[in-house]
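Encoded as structure tokens, the structure appears first; notes follow it.
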Amino acid sequence: MIDKQNIYILAIESSCDDTSAAVMHNDKMLSNVVATQKIHEAYGGVVPELASRAHQQNIVPVVHQALAKANIDKKLVSAIAFTRGPGLLGSLLVGTSFAKSLSLGLNIPLIEVNHMQAHILAHFIKENDKKAPSFPFLALTISGGHTQIVLVNDFFDMEILGETLDDAVGEAFDKSAKILGLPYPGGPFVDKYAAKGNPAAFPFPKPKVSGLNFSFSGLKTSILYFVQKETRKNPNFIKQNLNDICASIQSTIINILMDKLKKASEQTGIKEIAIGGGVSANSGIREALKDSEAKYGWNTYIPKFEYCTDNAAMIGIVGYLKYIDGDFSDERIAAKARYVI
Ligand code: KG4
Ligand code: ZN
């Protein structure tokens with residue numbers, strides 16, 4: 001007989017370059033440990049083979065820490081939830097194999113989780129006075145690996161309305177930052193310098209993409225050509241104009257996102273708007289979203305930063321919701337690099 005009052009989920013996330021383990025007690029987070037792999041900084045981007053090896057080194061200590069921080073014995077764990085995909089296959093394999101072995105060893109159920117669903121369902125991790133969005137709502141997931149607008153009818157009834165055709169929005173930030181000579185990942189640096197700059201200083205063209213899809217690769221190219229041209233005239237151009245360049249890039253990206261979000265809201269008539277993913281940390285997008293409450297009558301939802309970037313607590317909340325439904329996986333389940341919501 002399942003005790004539905006006291007469900008403890010041990011969750012594992014290893015889809016990209018963060019090794020994470022979390023323990024949930026029902027919909028509350030008891031611990032959420034994230035080991036971010038610093039090794040990729042030197043390469044200016046994630047190196048899949050190195051990510052996979054680092055996951056192998058990190059996974060045992062990270063799981064131990066998550067259990068210790070939650071202060072529970074592993075015998076209390078009701079089920080193991082893990083990220084099945086989408087992500088880098090070599091990275092996913094580490095978490096998947098570990099989760100399977102643990103569920104076999106402890107003789108408890110295994111629950112597979114779609115990483116993109118988890119970014120959205122992170123809004124349902126219980127926080128003191130924080131309200132979760134009501135169904136149906138629109139979710140904009142923006143990170144280094146994803147850019148999607150999703151119609152969320154229910155916990156496990158989601159439909160992708162639009163997504164990027166090329167680079168993810170986080171990549172647009174990071175690649176622009178690289179052109180400017182900023183460290184990787186450059187998104188937070190662009191955000192920092194943008195705060196002191198004029199967003200109208202250098203107008204960059206917005207891509208013409210039909211429907212609710214996005215494209216960011218053209219923007220990156222136009223920034224590159226612009227910077228090359230100006231640097232030929234003035235070798236100190238970047239240094240002298242860094243704040244204005246960053247503010248202009250950031251405002252172009254935010255306008256692209258907000259235009260599509262507004263279009264999605266008009267098309268569906270939905271004014272419950274949630275965002276998630278690492279780029280939700282950007283102060284410009286947060287401000288634009290807050291402004292839209294008065295401007296368009298939206299209710300907006302931004303998760304705590306800890307639940308925006310890749311983390312296992314978001315895998316844990318999905319594990320909890322699936323546990324309640326009795327939606328378990330068998331041990332033959334395989335990782336999936338491409339895994340649609
Ligand atoms: O969700 P996340 O931690 O990992 C992925 O799944 O990709 O997102 C990381 C991305 C990076 O591209 C990083 O530059 C971007 O989020 N990011 C930001 C900010 N903080 C993180 N982009 C713009 N402004 C920020 N403040
Ligand atoms: Zn992610």
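Lettering and numbering for the structure tokens are positional, with chains as A, B, ... in the shown order, residues counted from 1 in each chain, and ligands counted from 1 in the shown order.
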All residues having an atom within 6 Å of ligand 1 (only C-alpha atoms and all ligand atoms) as a ChimeraX atom specification: /A:143-145,170-171,173-174,185-188,191,277-279,281-282,309-310
Put those residues in a file: N, CA and C atoms, as a CSV table (one decimal), in the first residue's frame.
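This is the output file part35.csv:
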chain,number,residue,atom,x,y,z
A,143,SER,N,16.9,28.7,-22.5
A,143,SER,CA,18.2,28.3,-21.9
A,143,SER,C,19.3,28.2,-22.9
A,144,GLY,N,20.4,27.6,-22.5
A,144,GLY,CA,21.5,27.5,-23.5
A,144,GLY,C,21.2,26.4,-24.5
A,145,GLY,N,20.3,25.5,-24.2
A,145,GLY,CA,19.9,24.4,-25.1
A,145,GLY,C,18.5,24.5,-25.7
A,170,GLY,N,20.0,31.2,-25.2
A,170,GLY,CA,21.2,31.3,-24.4
A,170,GLY,C,22.4,31.3,-25.3
A,171,GLU,N,22.4,30.5,-26.3
A,171,GLU,CA,23.5,30.5,-27.3
A,171,GLU,C,23.7,31.8,-27.9
A,173,PHE,N,23.0,34.7,-26.6
A,173,PHE,CA,23.7,35.5,-25.6
A,173,PHE,C,25.2,35.1,-25.5
A,174,ASP,N,25.4,33.8,-25.4
A,174,ASP,CA,26.8,33.4,-25.2
A,174,ASP,C,27.7,33.6,-26.5
A,185,PRO,N,30.1,31.1,-19.6
A,185,PRO,CA,29.0,31.5,-20.5
A,185,PRO,C,28.8,33.0,-20.3
A,186,GLY,N,28.6,33.7,-21.5
A,186,GLY,CA,28.6,35.1,-21.5
A,186,GLY,C,27.3,35.8,-21.2
A,187,GLY,N,26.2,35.0,-21.1
A,187,GLY,CA,24.8,35.7,-20.9
A,187,GLY,C,24.8,36.6,-19.7
A,188,PRO,N,25.3,36.1,-18.5
A,188,PRO,CA,25.3,37.0,-17.3
A,188,PRO,C,26.1,38.3,-17.5
A,191,ASP,N,24.2,40.8,-19.6
A,191,ASP,CA,23.2,41.3,-18.7
A,191,ASP,C,23.8,42.4,-17.8
A,277,GLY,N,14.1,28.1,-17.4
A,277,GLY,CA,15.4,28.0,-18.1
A,277,GLY,C,16.4,29.0,-17.6
A,278,GLY,N,17.7,28.8,-17.8
A,278,GLY,CA,18.7,29.7,-17.3
A,278,GLY,C,18.6,31.1,-17.7
A,279,VAL,N,18.1,31.4,-18.9
A,279,VAL,CA,18.0,32.8,-19.4
A,279,VAL,C,16.9,33.6,-18.6
A,281,ALA,N,17.0,34.2,-15.8
A,281,ALA,CA,17.8,35.0,-14.8
A,281,ALA,C,18.0,36.4,-15.4
A,282,ASN,N,17.9,36.6,-16.7
A,282,ASN,CA,18.2,37.9,-17.3
A,282,ASN,C,17.3,39.0,-16.7
A,309,THR,N,17.8,27.2,-13.7
A,309,THR,CA,18.9,26.5,-14.4
A,309,THR,C,18.7,25.0,-14.2
A,310,ASP,N,19.5,24.2,-14.9
A,310,ASP,CA,19.4,22.8,-14.8
A,310,ASP,C,19.6,22.3,-13.4
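Look at stretch 193-201 of chain A: the protein and nucleic acid residues within 7 Å of it, using only C-alpha atoms and passing over chain neighbours fewer than 5 places away, are Leu242, Asn243, Asp244, Cys246, Ala247, Ser248, Gln250 and Ser251 of chain A.
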Go ahead and save the residues from that selection, with N, CA, C and O atoms, as a JSON list (two decimals), in the first residue's frame.
[["chain", "number", "residue", "atom", "x", "y", "z"],
["A", 242, "LEU", "N", 31.12, 49.01, -24.83],
["A", 242, "LEU", "CA", 30.65, 47.70, -24.36],
["A", 242, "LEU", "C", 29.24, 47.75, -23.76],
["A", 242, "LEU", "O", 28.38, 46.92, -24.08],
["A", 243, "ASN", "N", 28.98, 48.74, -22.92],
["A", 243, "ASN", "CA", 27.66, 48.81, -22.28],
["A", 243, "ASN", "C", 26.55, 48.99, -23.31],
["A", 243, "ASN", "O", 25.51, 48.31, -23.24],
["A", 244, "ASP", "N", 26.78, 49.90, -24.25],
["A", 244, "ASP", "CA", 25.75, 50.15, -25.27],
["A", 244, "ASP", "C", 25.56, 48.95, -26.20],
["A", 244, "ASP", "O", 24.43, 48.63, -26.59],
["A", 246, "CYS", "N", 26.08, 45.76, -25.43],
["A", 246, "CYS", "CA", 25.37, 44.73, -24.67],
["A", 246, "CYS", "C", 23.89, 45.09, -24.50],
["A", 246, "CYS", "O", 23.01, 44.23, -24.65],
["A", 247, "ALA", "N", 23.62, 46.36, -24.19],
["A", 247, "ALA", "CA", 22.22, 46.77, -24.00],
["A", 247, "ALA", "C", 21.44, 46.60, -25.30],
["A", 247, "ALA", "O", 20.28, 46.18, -25.29],
["A", 248, "SER", "N", 22.09, 46.89, -26.43],
["A", 248, "SER", "CA", 21.40, 46.77, -27.73],
["A", 248, "SER", "C", 21.13, 45.31, -28.07],
["A", 248, "SER", "O", 20.05, 44.96, -28.55],
["A", 250, "GLN", "N", 20.89, 42.80, -25.91],
["A", 250, "GLN", "CA", 19.90, 42.27, -24.97],
["A", 250, "GLN", "C", 18.49, 42.72, -25.32],
["A", 250, "GLN", "O", 17.55, 41.93, -25.31],
["A", 251, "SER", "N", 18.35, 44.01, -25.67],
["A", 251, "SER", "CA", 17.00, 44.48, -25.95],
["A", 251, "SER", "C", 16.46, 43.86, -27.24],
["A", 251, "SER", "O", 15.28, 43.55, -27.34]]
Protein and nucleic residues near ligand 2, 12 Å, only C-alpha atoms and all ligand atoms, as a ChimeraX atom specification: /A:13-20,83,85-88,114-120,122,141-148,168,170,276-280,307-312,314-315
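Look at stretch 318-324 of chain A: the protein and nucleic acid residues within 9 Å of it, using only C-alpha atoms and passing over chain neighbours fewer than 5 places away, are Lys4, Ile7, Tyr8, Ile9, Leu10, Ala11, Met24, His25, Asn26, Asp27, Ser78, Ala79, Ile80, Ala81, Phe82, Pro109, Leu110, Ile111, Glu112, Val113, Asn114, Gln117, Ala118, Leu121, Ala122, Phe124, Phe155 and Ala313 of chain A.
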DSSP strand (DSSP E or B) residues within stretch 59-136 of chain A, as a list in words: Ala79, Ile80, Ala81, Phe82, Thr83, Arg84, Gly85, Leu110, Ile111, Glu112, Val113 and Asn114 of chain A
Residue list (alpha helix (DSSP H), DSSP) for stretch 42-285 of chain A, as a PyMOL selection string: chain A and resi 48-70+89-106+115-121+169-179+187-194+217-233+237-268+283-285
Spatial neighbours of A:Asn128, 12 Å, only C-alpha atoms, chain gap at least 6 places, as an NGL selection string: :A and (27-29 or 304)
Pick from A:Ala288, A:Ile245, A:Ala139, A:Ala22, whichever lies nearest to A:Phe189 using only C-alpha atoms: A:Ile245
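Each of A:Ala274, A:Leu93, A:Leu224, A:Val46 was checked against A:Pro303 using only C-alpha atoms; the smallest atom-to-atom distance is that of A:Ala274.
Reported to one decimal place, the separation of atom CA of A:Lys69 from atom CA of A:His55 is 19.9 Å.
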